[in-house]
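Coordinates as given in model_18.cif (mmCIF, C-alpha atoms):
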```cif
data_my_file
#
loop_
_atom_site.label_atom_id
_atom_site.label_comp_id
_atom_site.auth_asym_id
_atom_site.auth_seq_id
_atom_site.Cartn_x
_atom_site.Cartn_y
_atom_site.Cartn_z
CA MET A 105 0.00 0.00 0.00
CA ARG A 106 1.26 3.46 -0.86
CA ARG A 107 2.08 5.84 1.98
CA ALA A 108 1.61 9.61 2.19
CA THR A 109 4.31 10.99 4.49
CA ALA A 110 4.38 14.72 3.71
CA ILE A 111 2.08 17.64 2.93
CA ALA A 112 2.52 19.88 -0.10
CA THR A 113 0.89 23.24 0.62
CA ALA A 114 -1.80 24.42 -1.80
CA GLY A 115 -0.29 26.18 -4.81
CA THR A 116 3.18 24.62 -4.39
CA TRP A 117 2.72 21.39 -6.31
CA PRO A 118 2.16 20.84 -10.05
CA ALA A 119 -1.31 19.73 -11.14
CA GLU A 120 0.15 17.05 -13.41
CA SER A 121 1.49 15.20 -10.34
CA ARG A 122 -2.07 14.64 -9.04
CA ALA A 123 -2.79 10.93 -8.65
CA ASP A 124 -6.26 11.30 -7.15
CA THR A 125 -8.36 13.45 -4.81
CA VAL A 126 -9.57 12.71 -1.31
CA VAL A 127 -12.62 14.60 0.01
CA LEU A 128 -12.47 15.07 3.79
CA ASP A 129 -14.38 16.90 6.51
CA TRP A 130 -12.47 18.90 9.15
CA ASP A 131 -12.06 15.98 11.54
CA LEU A 132 -10.47 13.82 8.85
CA ARG A 133 -8.27 16.72 7.70
CA SER A 134 -6.82 16.81 11.23
CA ARG A 135 -5.47 13.26 11.37
CA ARG A 136 -1.94 11.92 11.48
CA ARG A 137 -2.33 8.28 10.56
CA MET A 138 -5.14 6.36 8.87
CA VAL A 139 -5.97 4.40 5.74
CA MET A 140 -7.69 6.58 3.16
CA GLN A 141 -9.53 5.88 -0.07
CA ALA A 142 -9.51 8.63 -2.67
CA ALA A 143 -12.40 9.45 -5.01
CA GLY A 144 -10.80 7.57 -7.92
CA GLY A 145 -10.20 4.43 -5.86
CA LEU A 146 -6.58 4.91 -4.77
CA ARG A 147 -6.05 3.45 -1.26
CA PHE A 148 -3.11 4.71 0.75
CA LEU A 149 -1.87 5.08 4.29
CA LEU A 150 -1.72 8.61 5.64
CA ASP A 151 1.42 8.43 7.77
CA LEU A 152 2.45 11.96 8.80
CA PRO A 153 5.05 12.64 11.49
CA ALA A 154 2.51 14.75 13.42
CA ALA A 155 -1.17 15.63 13.17
CA GLY A 156 -1.71 18.83 11.29
CA ALA A 157 -4.37 20.85 9.59
CA LEU A 158 -4.84 19.80 5.98
CA ARG A 159 -6.39 22.64 4.00
CA ASP A 160 -8.44 22.57 0.82
CA GLY A 161 -5.99 22.45 -2.10
CA ASP A 162 -3.11 20.94 -0.13
CA GLY A 163 -1.63 17.71 -1.41
CA LEU A 164 -0.46 14.54 0.30
CA VAL A 165 2.88 13.42 -1.10
CA LEU A 166 2.92 9.69 -1.79
CA ASP A 167 6.08 7.61 -1.48
CA ASP A 168 6.25 7.39 -5.31
CA GLY A 169 6.21 11.22 -5.64
CA ARG A 170 2.65 11.57 -6.85
CA ILE A 171 0.19 13.83 -5.02
CA VAL A 172 -3.27 13.14 -3.63
CA ALA A 173 -5.18 16.43 -3.63
CA ILE A 174 -7.18 17.45 -0.55
CA ALA A 175 -10.72 18.72 -1.12
CA ALA A 176 -12.65 20.03 1.88
CA ARG A 177 -16.05 18.34 2.25
CA PRO A 178 -18.96 20.69 2.97
CA GLU A 179 -20.35 20.35 6.50
CA ALA A 180 -23.42 21.60 8.35
CA LEU A 181 -22.30 24.96 9.72
CA MET A 182 -23.76 28.06 11.29
CA GLU A 183 -22.65 31.51 10.24
CA LEU A 184 -22.92 33.96 13.12
CA HIS A 185 -23.72 37.61 12.56
CA ALA A 186 -23.90 40.50 15.03
CA VAL A 187 -25.15 44.09 14.91
CA ASP A 188 -21.60 45.42 15.37
CA ARG A 189 -18.04 44.28 16.09
CA ALA A 190 -18.42 44.65 19.85
CA HIS A 191 -21.29 42.15 19.83
CA LEU A 192 -19.36 39.82 17.52
CA VAL A 193 -16.35 39.94 19.85
CA ARG A 194 -18.62 39.08 22.78
CA ILE A 195 -20.03 36.10 20.87
CA ALA A 196 -16.49 35.04 19.91
CA TRP A 197 -15.45 35.19 23.57
CA HIS A 198 -18.30 32.87 24.56
CA LEU A 199 -17.37 30.42 21.76
CA GLY A 200 -13.71 30.46 22.82
CA ASN A 201 -14.71 30.01 26.43
CA ARG A 202 -16.32 26.75 25.32
CA HIS A 203 -13.21 25.76 23.33
CA LEU A 204 -15.21 25.53 20.09
CA PRO A 205 -13.33 25.58 16.79
CA VAL A 206 -14.22 28.81 14.96
CA GLN A 207 -13.64 29.91 11.39
CA LEU A 208 -13.21 33.64 10.83
CA ALA A 209 -15.14 34.65 7.72
CA GLY A 210 -14.93 38.40 7.20
CA GLU A 211 -17.44 40.08 9.50
CA THR A 212 -18.92 36.75 10.57
CA LEU A 213 -17.90 33.63 12.46
CA ARG A 214 -18.54 30.06 11.34
CA ILE A 215 -18.92 27.08 13.63
CA ARG A 216 -20.32 23.60 13.28
CA ALA A 217 -24.10 23.41 13.59
CA ASP A 218 -25.20 23.04 17.21
CA ALA A 219 -28.71 23.88 18.44
CA VAL A 220 -27.60 24.71 21.99
CA ILE A 221 -24.91 27.12 20.76
CA ALA A 222 -27.37 28.64 18.26
CA ASP A 223 -29.71 29.44 21.17
CA MET A 224 -26.81 30.95 23.14
CA VAL A 225 -25.81 33.16 20.17
CA ARG A 226 -29.38 34.35 19.71
CA GLY A 227 -29.56 35.07 23.45
CA LEU A 228 -26.47 37.26 23.05
CA GLY A 229 -28.24 39.23 20.30
CA GLY A 230 -26.62 37.44 17.37
CA GLU A 231 -28.17 36.07 14.22
CA VAL A 232 -27.59 32.48 13.10
CA VAL A 233 -27.65 31.42 9.45
CA GLU A 234 -27.39 27.71 8.68
CA LEU A 235 -25.33 26.68 5.67
CA SER A 236 -23.34 23.86 4.16
CA ALA A 237 -19.71 24.74 3.40
CA PRO A 238 -16.19 23.49 4.02
CA PHE A 239 -15.10 24.14 7.62
CA ASP A 240 -11.65 25.67 8.05
CA PRO A 241 -11.28 26.86 11.66
CA GLU A 242 -8.40 28.80 13.11
CA GLY A 243 -5.48 26.66 14.25
CA GLY A 244 -4.96 28.36 17.60
CA ALA A 245 -2.63 30.97 19.04
CA TYR A 246 0.04 28.44 19.95
CA GLY A 247 0.42 26.83 16.55
CA HIS A 248 -1.82 23.84 17.19
CA GLY A 249 -2.92 22.57 13.81
CA GLN A 250 -5.94 20.89 15.27
CA VAL A 251 -8.31 21.65 18.03
CA HIS A 252 -7.81 19.72 21.24
CA GLY A 253 -10.27 19.01 23.96
CA HIS A 254 -9.85 18.92 27.69
CA ASP A 255 -8.18 15.52 27.90
CA HIS A 256 -4.73 17.22 27.95
CA HIS A 257 -2.88 14.01 27.29
CA ASP A 258 -1.09 15.42 24.25
CA GLY A 259 2.31 15.59 25.91
CA HIS A 260 2.75 19.26 26.65
CA ASP A 261 1.95 21.72 29.37
CA HIS A 262 -1.20 23.78 29.05
CA ASP A 263 -0.40 26.53 31.55
CA HIS A 264 -0.28 29.02 28.66
CA HIS A 265 -4.09 29.34 28.49
CA ASP A 266 -5.44 32.73 29.48
CA HIS A 267 -7.96 31.35 31.95
CA ASP A 268 -7.78 29.24 35.04
CA HIS A 269 -7.67 25.62 33.98
CA HIS A 270 -8.20 24.19 37.44
CA HIS A 271 -11.97 24.11 37.08
CA PRO A 272 -13.97 20.92 37.39
CA HIS A 273 -14.56 19.45 33.96
CA GLY A 274 -18.24 20.27 34.12
CA HIS A 275 -16.85 23.58 32.88
CA GLY A 276 -18.80 26.59 34.01
CA HIS A 277 -16.33 29.21 32.79
CA ASP A 278 -19.12 31.79 32.86
CA ARG A 279 -18.93 33.43 36.25
#
```
Kindly return the structure encoded in the file as structure tokens.
Amino acid sequence: MRRATAIATAGTWPAESRADTVVLDWDLRSRRRMVMQAAGGLRFLLDLPAAGALRDGDGLVLDDGRIVAIAARPEALMELHAVDRAHLVRIAWHLGNRHLPVQLAGETLRIRADAVIADMVRGLGGEVVELSAPFDPEGGAYGHGQVHGHDHHDGHDHDHHDHDHHHPHGHGHDR
């Protein structure tokens, strides 16, 4: 089985080296190692040295030099609007406080569809528009290519967060 061991950033690899295309949602574009099947039938092992964020248009470099193109699969998202930037910042704070992955999209924010969060945003005076689109959230201030939860078993210290992390895992950041 072929192996993909490196990422070629979008725009840096020649189109004629494309062997196939794999269509992936955000979760699958954040993996390090797994067997994948591309749209044209090519099966290969994704075997990257570390998990990273694969972006639409990137390529996975196979061990024979060919490239498997990455296409971002549309997902059920919510686009969040606010009456002004101050309200949008407040909504963004509440999303960050819940450690939700967020995509910045001009004057709006995009998150995965979630009825509870939609109600929260509306309660904060925001507007929620449902849509289907590729999800491409921010990678984080500390260079994390993927979003991590509260398990904190990823091998590094998390004291760099801006809030007290010694809360019970029922959360309750809102004081």
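For the atom pair formed by CA of Met105 (chain A) and CA of Phe148 (chain A), the distance is 5.7 Å, given to one decimal.
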Notebook entry, point to check: If you count all atoms listed in the file, which residues fall within 10 Å of Ala180 (chain A), apart from same-chain ones fewer than 2 positions away, as JSON, numbers by chain?
Noted result: {"A": [178, 182, 215, 216, 217, 218, 234, 235, 236, 237, 238, 239]}
Note to self: Using all atoms listed in the file for the distances, tell me which of A:Gly243, A:Gly227, A:Gly210, A:Pro118 is nearest to Val165 (chain A).
What the structure shows: A:Pro118
Next item on the list: Point out the residue among A:Leu146, A:Val233, A:Ala219, A:Leu213 with the least atom-to-atom distance to Arg170 (chain A), counting all atoms listed in the file.
Entry: A:Leu146
Check: Pick the closest to Arg194 (chain A) from A:Gly230, A:Leu181, A:Ala175, A:Leu149: which is it, counting only C-alpha atoms?
Finding: A:Gly230
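Rounded to one decimal, CA of Ile221 (chain A) and CA of Arg177 (chain A) lie 22.3 Å from each other.
Remark: for Gln141 (chain A), the closest of the candidate residues A:Arg106, A:His203, A:Arg159, A:Arg122 is A:Arg106 (distances computed over all atoms listed in the file).
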Next item on the list: Could you check how far CA of Ala119 (chain A) sits from CA of Leu166 (chain A), in Å to one decimal?
Entry: 14.4 Å
Using the chain letters and numbering of this document, enumerate as a PDB file with C-alpha atoms, keeping the file's coordinate frame the residues selected by the PyMOL selection byres ((chain A and resi 240) around 10).
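The new file selection-v1.pdb reads:
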```pdb
ATOM      1  CA  ASP A 129     -14.380  16.900   6.510  1.00  0.00           C
ATOM      2  CA  TRP A 130     -12.470  18.900   9.150  1.00  0.00           C
ATOM      3  CA  ARG A 133      -8.270  16.720   7.700  1.00  0.00           C
ATOM      4  CA  ALA A 157      -4.370  20.850   9.590  1.00  0.00           C
ATOM      5  CA  LEU A 158      -4.840  19.800   5.980  1.00  0.00           C
ATOM      6  CA  ARG A 159      -6.390  22.640   4.000  1.00  0.00           C
ATOM      7  CA  ASP A 160      -8.440  22.570   0.820  1.00  0.00           C
ATOM      8  CA  ALA A 176     -12.650  20.030   1.880  1.00  0.00           C
ATOM      9  CA  PRO A 205     -13.330  25.580  16.790  1.00  0.00           C
ATOM     10  CA  VAL A 206     -14.220  28.810  14.960  1.00  0.00           C
ATOM     11  CA  GLN A 207     -13.640  29.910  11.390  1.00  0.00           C
ATOM     12  CA  LEU A 208     -13.210  33.640  10.830  1.00  0.00           C
ATOM     13  CA  ALA A 209     -15.140  34.650   7.720  1.00  0.00           C
ATOM     14  CA  ARG A 214     -18.540  30.060  11.340  1.00  0.00           C
ATOM     15  CA  ILE A 215     -18.920  27.080  13.630  1.00  0.00           C
ATOM     16  CA  ALA A 237     -19.710  24.740   3.400  1.00  0.00           C
ATOM     17  CA  PRO A 238     -16.190  23.490   4.020  1.00  0.00           C
ATOM     18  CA  PHE A 239     -15.100  24.140   7.620  1.00  0.00           C
ATOM     19  CA  PRO A 241     -11.280  26.860  11.660  1.00  0.00           C
ATOM     20  CA  GLU A 242      -8.400  28.800  13.110  1.00  0.00           C
ATOM     21  CA  GLY A 243      -5.480  26.660  14.250  1.00  0.00           C
TER      22      GLY A 243
END
```
Note to self: Given the PyMOL selection byres ((chain A and resi 108) around 12) and the file above, list the residues it selects as a ChimeraX atom specification.
What the structure shows: /A:105-107,109-112,123,136-141,146-153,163-173
